[in-house]
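The block underneath contains the structure these notes are about, expressed in structure tokens.
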Amino acid sequence: MWRLRRAAVACEVCQSLVKHSSRMRGSSPLQKLHLVSRSIYHSRHPTLKFQRPHQRTSFQQFSSLTNFPLRKLKLCPVKYGYQPHRNFWPARLAARLLKLRYLILGSAVGGGYTAKKTFDQWKDMIPDFSDYKWIVPDIVWEIDEYIDFEKIRKALPNSEDLAKLAPDLDKIVESLSLLKDFFTTGSPGETAFRATDHGSESDKPYRKVSDKEKIDQLQEELLHTQLKYQRILERLEKENKELRKLVLQKDDKGIHHRKLKKSLIDMYSEVLDVLSDYDASYNTQDHLPRVVVVGDQSAGKTSVLEMIAQARIFPRGSGEMMTRSPVKVTLSEGPHHVALFKDSSREFDLTKEEDLAALRHEIELRMRKNVKEGCTVSPETISLNVKGPGLQRMVLVDLPGVINTVTSGMAPDTKETIFSISKAYMQNPNAIILCIQDGSVDAERSIVTDLVSQMDPHGRRTIFVLTKVDLAEKNVASPSRIQQIIEGKLFPMKALGYFAVVTGKGNSSESIEAIREYEEEFFQNSKLLKTSMLKAHQVTTRNLSLAVSDCFWKMVRESVEQQADSFKATRFNLETEWKNNYPRLRELDRNELFEKAKNEILDEVISLSQVTPKHWEEILQQSLWERVSTHVIENIYLPAAQTMNSGTFNTTVDIKLKQWTDKQLPNKAVEVAWETLQEEFSRFMTEPKGKEHDDIFDKLKEAVKEESIKRHKWNDFAEDSLRVIQHNALEDRSISDKQQWDAAIFFMEEALQARLRDTENAIENMIGPDWKKRWLYWKNRTQEQCVHNETKNELEKMLKCNEEHPAYLASDEITTVRKNLESRGVEVDPSLIKDTWHQVYRRHFLKTALNHCNLCRRGFYYYQRHFVDSELECNDVVLFWRIQRMLAITANTLRQQLTNTEVRRLEKNVKEVLEDFAEDSEKKVKLLTGKRVQLAEDLKKVREIQEKLDAFIEALHQEK
């Protein structure tokens, strides 16, 4: 009996402890715990485990207490009046105090054990920071040199002393048991029965609840638990994001300034950039994974991508096509939320609105630049990198929205072009297709689902995303229709997963944080979740980004090594082809060939400065005389020679020389100098260099020469200074010595003989071949040539009669010649007589002038005496000496301008042209062509791709 009573007391004590501990556990709210502690605590919290609540009915059916009949218990007689237990109020007070002490000490011991266990779990969750030991200053590792920890340890009490301070729990339990015996009013059987009976009464309300209400209650409880777990997970991720940001910032600054390695996603993005420029002409196609974002126009695909990137980075328009070319977005983790283009060093801070606006404007400008004239969309890709803390690492490609009708302002082939661009990206067997469908419109209006089902009929790499679910739930009359869409039953397409997201309220000024809060709030209150049409993991863009990232990296790991092997085989084939076709040449790609050609062209320009002054002056003088000789002979010498005396001759010459110098001569001289520079430059550029000559540069050199000459302009002040010099040279009549006199006569004879040859050729063409050519070459004269010949013979007879005949025929002389010819049966026209006379008299005059030159060879003595008391006058020799001296002085002046100024300016123009060509890839492709160039280009790109792939695969294995 004593043992039964003691067991009953122990049972009541245990029950009180359980009730007390449950009250304490319920009184500690979850929100007040630390995030890490909260995560550990909730792993044991009953609301986080998907368990069905205990039902009392089942407990009664299988309880052993119901198998025995209830016996009547003997109750102690109740005595009225004086109650014995009231005399023990001090004992009752002592029991209460001992009970309170026991509870405090028990809580302390249990709390210490729980704290130690929590600390161990927390310690296991903390990541390994051994790689970041360099962040901690060196003084921390040397702190034991400054603090004596041994002395502190000896000053602290040991474990035995601490154990003496702790109370004896066994004695406390015995005391409580003894005290409980005094206050027990019933038997243990009564207590057990009372507890069982109370439990049966508490089970009565559960029997009245229907099964439907139970299911609804369980679903509500499950949804509440899921959302609560989701919020806890988001808070933990937010804290992890902040911690990662701090670590990355410290790592970015670097106490020891160590060089950081590129992240995996950056290395992978570089591989894709190189592949985008590679022409797959050797059966090696780009099969590396990407996340291809496709959807109908205005379906919200750009908004989904912005939610994944956590920034409003794309230009927006209401109903207007904004995505005009593919945009490759590489998401990676970094300490700061920034964006930058592949070909630019400028970073856009995505936390600042002005930088976001500038980024959107830059993307829009690049899209419009890519779109050619007469087109609406372009297949050229814009490459953008977005970094930030907490971003999922992946590569996404935003494509232009698929349209059904071409509207006004669009190119007629816009629809077909968008389809071809989308198919080109989706036909990659390793591309992940993110199919975006607008949930607020009828599913039958969707175009993209048919396209996706054609490219991926089995749905092995497709993820379906239903956007604008808030509008869909509000407007759609049948909620089950949304369930059919999200489960893939309404469309013929199949998918790996189905997601539902909300991308804001339709306001373009909404921030990403506001959209996220709105999305979370919507799904917390959505009937789609409450009625289990959607699962918790199928909603929010956050869950979508996690799922897409996991699928992306899974696809990358499965396909990257196979792609690397295919490029190794391609590289071997290209190297073998090069060795067989070009065994003695280096493998120079287009850029390297351009640099080689650039150096050769600059060397040839520099060689212009090495041309001797004598060579320059000879070329300039000869070219200038060829340009002005006709004017000197026809317009200056011949009109002056028709005068009767020397005074009139000199006057006519001076006037005509002055007019010529003021208006034409300086301009002609500059033109001659510029043409001479061009000819010399072209000669250096095009002349073969023997065995070292490479004809692959001929097109490039010709284009550089033409463009440089087009840009080059002679100095404007050259004509003014040259005019003064030429005017002074022509005014000088003083021939200093006999050598200059003889040189002038030689120059005059050459000029007159050249004109005489030209005149003789003109007469021969006019009258036809002479008797020798007719006999030797079997040639005959035409009727017109015979008429000209008869006219010539008649005019020569006239000149023989009067050798000093003037240059023009009188009208009576023309009539006489015509009648003489008519008497011989030759009908002539007066104009034909005049034309024939011009050539006949010109030949007669030039022959007379050449005879006069021979006479003037000994006329230098008379020139010194100014032709006083002499019948010999050689003023024409003085004229040609003045012309010759002017040519020499002009050539010397032009040579100085060439060597001092113009060659350097031409070299500068050539450098500018080469720099412009270096930046114009299309120009280089056009000018440097051939099988050799293309083979070297492919070989270089394949090697670069293979090296980057190998480095990426190595880093991928190291991360594992």
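By convention in this document, the chains of the structure tokens carry letters A, B, ... by their order, each chain's residues are numbered from 1, and ligands are numbered from 1 in the order they are shown.
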
Quick one: residues within 9 Å of A:Leu593, only C-alpha atoms, excluding same-chain residues fewer than 6 positions away - as a list in words?
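Here the qualifying residues turn out to be Ile696, Phe697, Leu928 and Val933 of chain A.
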
Env of A:Phe552: 9 Å cut, atoms = only C-alpha atoms, seq-sep filter 6 positions within chain, self excluded. Answer as a PyMOL selection string.
chain A and resi 289-291+393-395+431-432

Find the residues near A:Thr815: any atom within 9 Å, counting only C-alpha atoms, skip ones fewer than 5 places away on the same chain, and give them as a PyMOL selection string.
chain A and resi 810+820+830

Output file for the residues above (N, CA, C and O atoms, as a PDB file, in the first residue's frame):
```pdb
ATOM      1  N   ALA A 810      43.474  84.880-145.176  1.00  0.00           N
ATOM      2  CA  ALA A 810      42.473  85.879-145.543  1.00  0.00           C
ATOM      3  C   ALA A 810      41.350  85.204-146.311  1.00  0.00           C
ATOM      4  O   ALA A 810      41.491  84.087-146.833  1.00  0.00           O
ATOM      5  N   ASN A 820      41.109  76.606-156.827  1.00  0.00           N
ATOM      6  CA  ASN A 820      42.175  75.772-157.392  1.00  0.00           C
ATOM      7  C   ASN A 820      41.864  74.286-157.198  1.00  0.00           C
ATOM      8  O   ASN A 820      42.131  73.463-158.080  1.00  0.00           O
ATOM      9  N   PRO A 830      35.109  75.616-146.782  1.00  0.00           N
ATOM     10  CA  PRO A 830      36.032  76.595-146.194  1.00  0.00           C
ATOM     11  C   PRO A 830      36.513  76.194-144.810  1.00  0.00           C
ATOM     12  O   PRO A 830      37.667  76.438-144.449  1.00  0.00           O
TER      13      PRO A 830
END
```

I want to know what sits within 10 Å of A:Ala718, based on only C-alpha atoms, with residues of the same chain fewer than 6 positions away left out; could you give that as a PyMOL selection string?
chain A and resi 666-667+669-670+893-894+897

For stretch 905-914 of chain A: contacts at 8 Å, only C-alpha atoms, fewer than 5 positions along chain excluded, given as a ChimeraX atom specification:
/A:598,602,605-606,704-705,707-709,711-712

Rounded to one decimal in Å, what is the spacing between atom CA of A:His458 and atom CA of A:Leu434?
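Computed distance, atom CA of A:His458 to atom CA of A:Leu434, equals 14.6 Å.
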
What parts of stretch 336-534 of chain A does DSSP call alpha helix (DSSP H)? I'd like the answer as JSON, numbers by chain.
{"A": [353, 354, 355, 356, 357, 358, 359, 360, 361, 362, 363, 364, 365, 366, 367, 368, 369, 370, 414, 415, 416, 417, 418, 419, 420, 421, 422, 423, 424, 425, 426, 448, 449, 450, 451, 452, 453, 454, 455, 469, 470, 471, 472, 473, 474, 475, 479, 480, 481, 482, 483, 484, 485, 486, 512, 513, 514, 515, 516, 517, 518, 519, 520, 521, 522, 523, 524, 525, 527, 528, 529, 530]}

Residue contacts of A:Glu937 (7 Å, only C-alpha atoms) excluding same-chain residues fewer than 3 positions away, as a list in words:
Asp589, Arg590, Val933, Gln934, Lys940 and Lys941 of chain A

Please write the residues from the selection above to a file, keeping N, CA, C and O atoms, as a PDB file, in the first residue's frame.
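Generated output (result.pdb):
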```
ATOM      1  N   ASP A 589      45.636  34.686 -87.499  1.00  0.00           N
ATOM      2  CA  ASP A 589      44.233  34.959 -87.751  1.00  0.00           C
ATOM      3  C   ASP A 589      44.083  36.347 -88.384  1.00  0.00           C
ATOM      4  O   ASP A 589      45.059  37.028 -88.696  1.00  0.00           O
ATOM      5  N   ARG A 590      42.860  36.772 -88.560  1.00  0.00           N
ATOM      6  CA  ARG A 590      42.605  38.031 -89.268  1.00  0.00           C
ATOM      7  C   ARG A 590      43.175  39.229 -88.524  1.00  0.00           C
ATOM      8  O   ARG A 590      43.765  40.134 -89.139  1.00  0.00           O
ATOM      9  N   VAL A 933      43.008  32.618 -94.476  1.00  0.00           N
ATOM     10  CA  VAL A 933      42.553  33.478 -93.371  1.00  0.00           C
ATOM     11  C   VAL A 933      41.424  32.809 -92.605  1.00  0.00           C
ATOM     12  O   VAL A 933      41.414  32.782 -91.368  1.00  0.00           O
ATOM     13  N   GLN A 934      40.452  32.237 -93.340  1.00  0.00           N
ATOM     14  CA  GLN A 934      39.311  31.618 -92.670  1.00  0.00           C
ATOM     15  C   GLN A 934      39.731  30.402 -91.855  1.00  0.00           C
ATOM     16  O   GLN A 934      39.230  30.174 -90.748  1.00  0.00           O
ATOM     17  N   LYS A 940      41.881  29.407 -84.481  1.00  0.00           N
ATOM     18  CA  LYS A 940      42.077  30.212 -83.272  1.00  0.00           C
ATOM     19  C   LYS A 940      40.846  30.152 -82.364  1.00  0.00           C
ATOM     20  O   LYS A 940      40.956  29.992 -81.142  1.00  0.00           O
ATOM     21  N   LYS A 941      39.658  30.272 -82.957  1.00  0.00           N
ATOM     22  CA  LYS A 941      38.436  30.262 -82.152  1.00  0.00           C
ATOM     23  C   LYS A 941      38.214  28.908 -81.488  1.00  0.00           C
ATOM     24  O   LYS A 941      37.807  28.844 -80.327  1.00  0.00           O
TER      25      LYS A 941
END
```

Pick from A:Ala514, A:Leu218, A:Leu821, A:Cys874, whichever lies nearest to A:Tyr861 using only C-alpha atoms
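So, comparing all the options, the nearest one is A:Cys874.
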
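Each of A:Phe880, A:Trp714, A:Phe572, A:Phe522 was compared to A:Ile633 using only C-alpha atoms, and A:Phe880 turns out to be the nearest.
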
Within 10 Å of A:Arg857 using only C-alpha atoms, minus same-chain residues under 4 positions, as a PyMOL selection string
chain A and resi 738+741-742+744-746+852-853+861+874+877

Restricting it to N, CA and C atoms, dump the selection as a CSV table (one decimal), in the first residue's frame.
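The resulting file, part-v1.csv, is shown below:
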```
chain,number,residue,atom,x,y,z
A,738,LYS,N,76.9,81.3,-120.1
A,738,LYS,CA,76.7,80.6,-121.4
A,738,LYS,C,76.1,79.2,-121.1
A,741,TRP,N,72.5,79.7,-120.9
A,741,TRP,CA,71.9,80.0,-122.2
A,741,TRP,C,71.8,78.7,-123.0
A,742,ASP,N,72.8,77.9,-123.0
A,742,ASP,CA,72.7,76.6,-123.8
A,742,ASP,C,71.6,75.7,-123.2
A,744,ALA,N,68.9,76.7,-121.8
A,744,ALA,CA,67.6,77.2,-122.2
A,744,ALA,C,67.3,76.8,-123.7
A,745,ILE,N,68.3,76.9,-124.5
A,745,ILE,CA,68.1,76.5,-125.9
A,745,ILE,C,67.8,75.0,-126.0
A,746,PHE,N,68.4,74.2,-125.3
A,746,PHE,CA,68.1,72.8,-125.2
A,746,PHE,C,66.7,72.5,-124.8
A,852,HIS,N,65.6,78.7,-135.9
A,852,HIS,CA,66.0,79.9,-135.2
A,852,HIS,C,66.8,79.5,-133.9
A,853,CYS,N,66.5,78.4,-133.3
A,853,CYS,CA,67.2,77.9,-132.1
A,853,CYS,C,68.7,77.6,-132.5
A,861,TYR,N,76.4,86.3,-126.8
A,861,TYR,CA,77.2,87.5,-126.9
A,861,TYR,C,76.3,88.7,-127.2
A,874,CYS,N,67.0,86.9,-129.9
A,874,CYS,CA,66.6,85.6,-129.3
A,874,CYS,C,65.8,85.8,-128.0
A,877,VAL,N,64.3,82.5,-126.6
A,877,VAL,CA,65.2,81.8,-125.7
A,877,VAL,C,65.1,82.3,-124.3
```

From A:Lys530, A:Lys596, A:Arg627, A:Lys505, residue lying nearest A:Ile215 [only C-alpha atoms]:
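Closest to A:Ile215 of all the choices is A:Lys530.
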
Just how far from atom CA of A:Ser276 is atom CA of A:Ala495, in Å to one decimal?
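Pair atom CA of A:Ala495 / atom CA of A:Ser276 returns 27.2 Å.
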
Using DSSP on the backbone coordinates, identify the residues of stretch 250-398 of chain A assigned to strand (DSSP E or B); present them as a ChimeraX atom specification.
/A:291-296,327-333,338-341,348-349,382-388,394-398

Can you write just those residues out, N, CA, C and O atoms, as a compact mmCIF listing (two decimals), in the first residue's frame?
```
# COMPACT_ATOMS: atom_id res chain seq x y z
N VAL A 291 19.39 29.20 -70.65
CA VAL A 291 17.98 29.29 -70.31
C VAL A 291 17.35 30.26 -71.31
O VAL A 291 17.61 31.47 -71.26
N VAL A 292 16.56 29.74 -72.23
CA VAL A 292 15.97 30.54 -73.30
C VAL A 292 14.57 30.96 -72.85
O VAL A 292 13.70 30.11 -72.62
N VAL A 293 14.36 32.26 -72.72
CA VAL A 293 13.08 32.79 -72.25
C VAL A 293 12.25 33.16 -73.47
O VAL A 293 12.58 34.08 -74.22
N VAL A 294 11.16 32.41 -73.70
CA VAL A 294 10.29 32.64 -74.85
C VAL A 294 8.87 32.86 -74.35
O VAL A 294 8.48 32.39 -73.28
N GLY A 295 8.10 33.57 -75.16
CA GLY A 295 6.73 33.84 -74.80
C GLY A 295 6.08 34.76 -75.81
O GLY A 295 6.75 35.37 -76.66
N ASP A 296 4.76 34.85 -75.73
CA ASP A 296 4.05 35.77 -76.60
C ASP A 296 4.38 37.21 -76.20
O ASP A 296 4.85 37.48 -75.10
N VAL A 327 18.91 39.24 -75.73
CA VAL A 327 19.74 39.79 -74.67
C VAL A 327 20.19 38.63 -73.78
O VAL A 327 19.37 37.97 -73.14
N LYS A 328 21.49 38.37 -73.77
CA LYS A 328 22.05 37.31 -72.93
C LYS A 328 22.44 37.91 -71.58
O LYS A 328 23.30 38.78 -71.50
N VAL A 329 21.79 37.46 -70.53
CA VAL A 329 22.01 37.97 -69.18
C VAL A 329 22.70 36.88 -68.36
O VAL A 329 22.14 35.79 -68.19
N THR A 330 23.90 37.18 -67.88
CA THR A 330 24.65 36.26 -67.04
C THR A 330 24.50 36.69 -65.59
O THR A 330 24.95 37.77 -65.21
N LEU A 331 23.85 35.87 -64.79
CA LEU A 331 23.63 36.17 -63.38
C LEU A 331 24.71 35.49 -62.55
O LEU A 331 24.98 34.30 -62.72
N SER A 332 25.34 36.25 -61.67
CA SER A 332 26.37 35.70 -60.80
C SER A 332 26.33 36.42 -59.47
O SER A 332 25.75 37.51 -59.35
N GLU A 333 26.96 35.79 -58.47
CA GLU A 333 26.96 36.36 -57.13
C GLU A 333 28.13 37.31 -56.98
O GLU A 333 29.22 37.07 -57.48
N VAL A 338 25.41 45.15 -59.41
CA VAL A 338 25.85 45.96 -60.54
C VAL A 338 25.58 45.20 -61.84
O VAL A 338 25.34 43.99 -61.83
N ALA A 339 25.66 45.94 -62.95
CA ALA A 339 25.52 45.36 -64.29
C ALA A 339 26.53 46.01 -65.20
O ALA A 339 26.85 47.19 -65.04
N LEU A 340 27.05 45.24 -66.14
CA LEU A 340 28.01 45.76 -67.10
C LEU A 340 27.93 44.95 -68.38
O LEU A 340 27.58 43.76 -68.36
N PHE A 341 28.23 45.61 -69.50
CA PHE A 341 28.20 44.96 -70.81
C PHE A 341 29.53 44.27 -71.07
O PHE A 341 30.55 44.63 -70.49
N PHE A 348 27.04 49.74 -63.94
CA PHE A 348 25.79 50.40 -63.58
C PHE A 348 25.37 49.90 -62.20
O PHE A 348 25.17 48.69 -62.00
N ASP A 349 25.24 50.82 -61.25
CA ASP A 349 24.81 50.48 -59.89
C ASP A 349 23.30 50.29 -59.91
O ASP A 349 22.53 51.25 -60.08
N ILE A 382 22.96 40.88 -77.49
CA ILE A 382 23.54 41.84 -76.55
C ILE A 382 23.91 41.07 -75.29
O ILE A 382 23.06 40.40 -74.70
N SER A 383 25.17 41.16 -74.89
CA SER A 383 25.66 40.40 -73.74
C SER A 383 25.74 41.31 -72.52
O SER A 383 26.41 42.34 -72.56
N LEU A 384 25.06 40.92 -71.43
CA LEU A 384 24.99 41.72 -70.21
C LEU A 384 25.28 40.83 -69.01
O LEU A 384 24.74 39.72 -68.91
N ASN A 385 26.13 41.31 -68.12
CA ASN A 385 26.44 40.60 -66.87
C ASN A 385 25.81 41.34 -65.70
O ASN A 385 25.97 42.57 -65.57
N VAL A 386 25.10 40.61 -64.85
CA VAL A 386 24.46 41.17 -63.66
C VAL A 386 25.00 40.42 -62.44
O VAL A 386 24.89 39.19 -62.38
N LYS A 387 25.58 41.16 -61.51
CA LYS A 387 26.14 40.57 -60.29
C LYS A 387 25.43 41.17 -59.08
O LYS A 387 25.04 42.32 -59.09
N GLY A 388 25.32 40.34 -58.03
CA GLY A 388 24.70 40.83 -56.82
C GLY A 388 24.64 39.74 -55.77
O GLY A 388 24.70 38.54 -56.08
N MET A 394 23.28 31.62 -63.34
CA MET A 394 22.79 31.00 -64.57
C MET A 394 22.92 32.00 -65.72
O MET A 394 23.22 33.17 -65.50
N VAL A 395 22.68 31.51 -66.93
CA VAL A 395 22.72 32.33 -68.14
C VAL A 395 21.35 32.26 -68.79
O VAL A 395 20.87 31.18 -69.15
N LEU A 396 20.71 33.42 -68.94
CA LEU A 396 19.39 33.50 -69.55
C LEU A 396 19.47 34.33 -70.82
O LEU A 396 20.24 35.29 -70.89
N VAL A 397 18.65 33.97 -71.80
CA VAL A 397 18.58 34.71 -73.06
C VAL A 397 17.15 35.15 -73.25
O VAL A 397 16.24 34.31 -73.40
N ASP A 398 16.93 36.46 -73.23
CA ASP A 398 15.60 37.03 -73.43
C ASP A 398 15.40 37.26 -74.92
O ASP A 398 16.12 38.04 -75.54
```
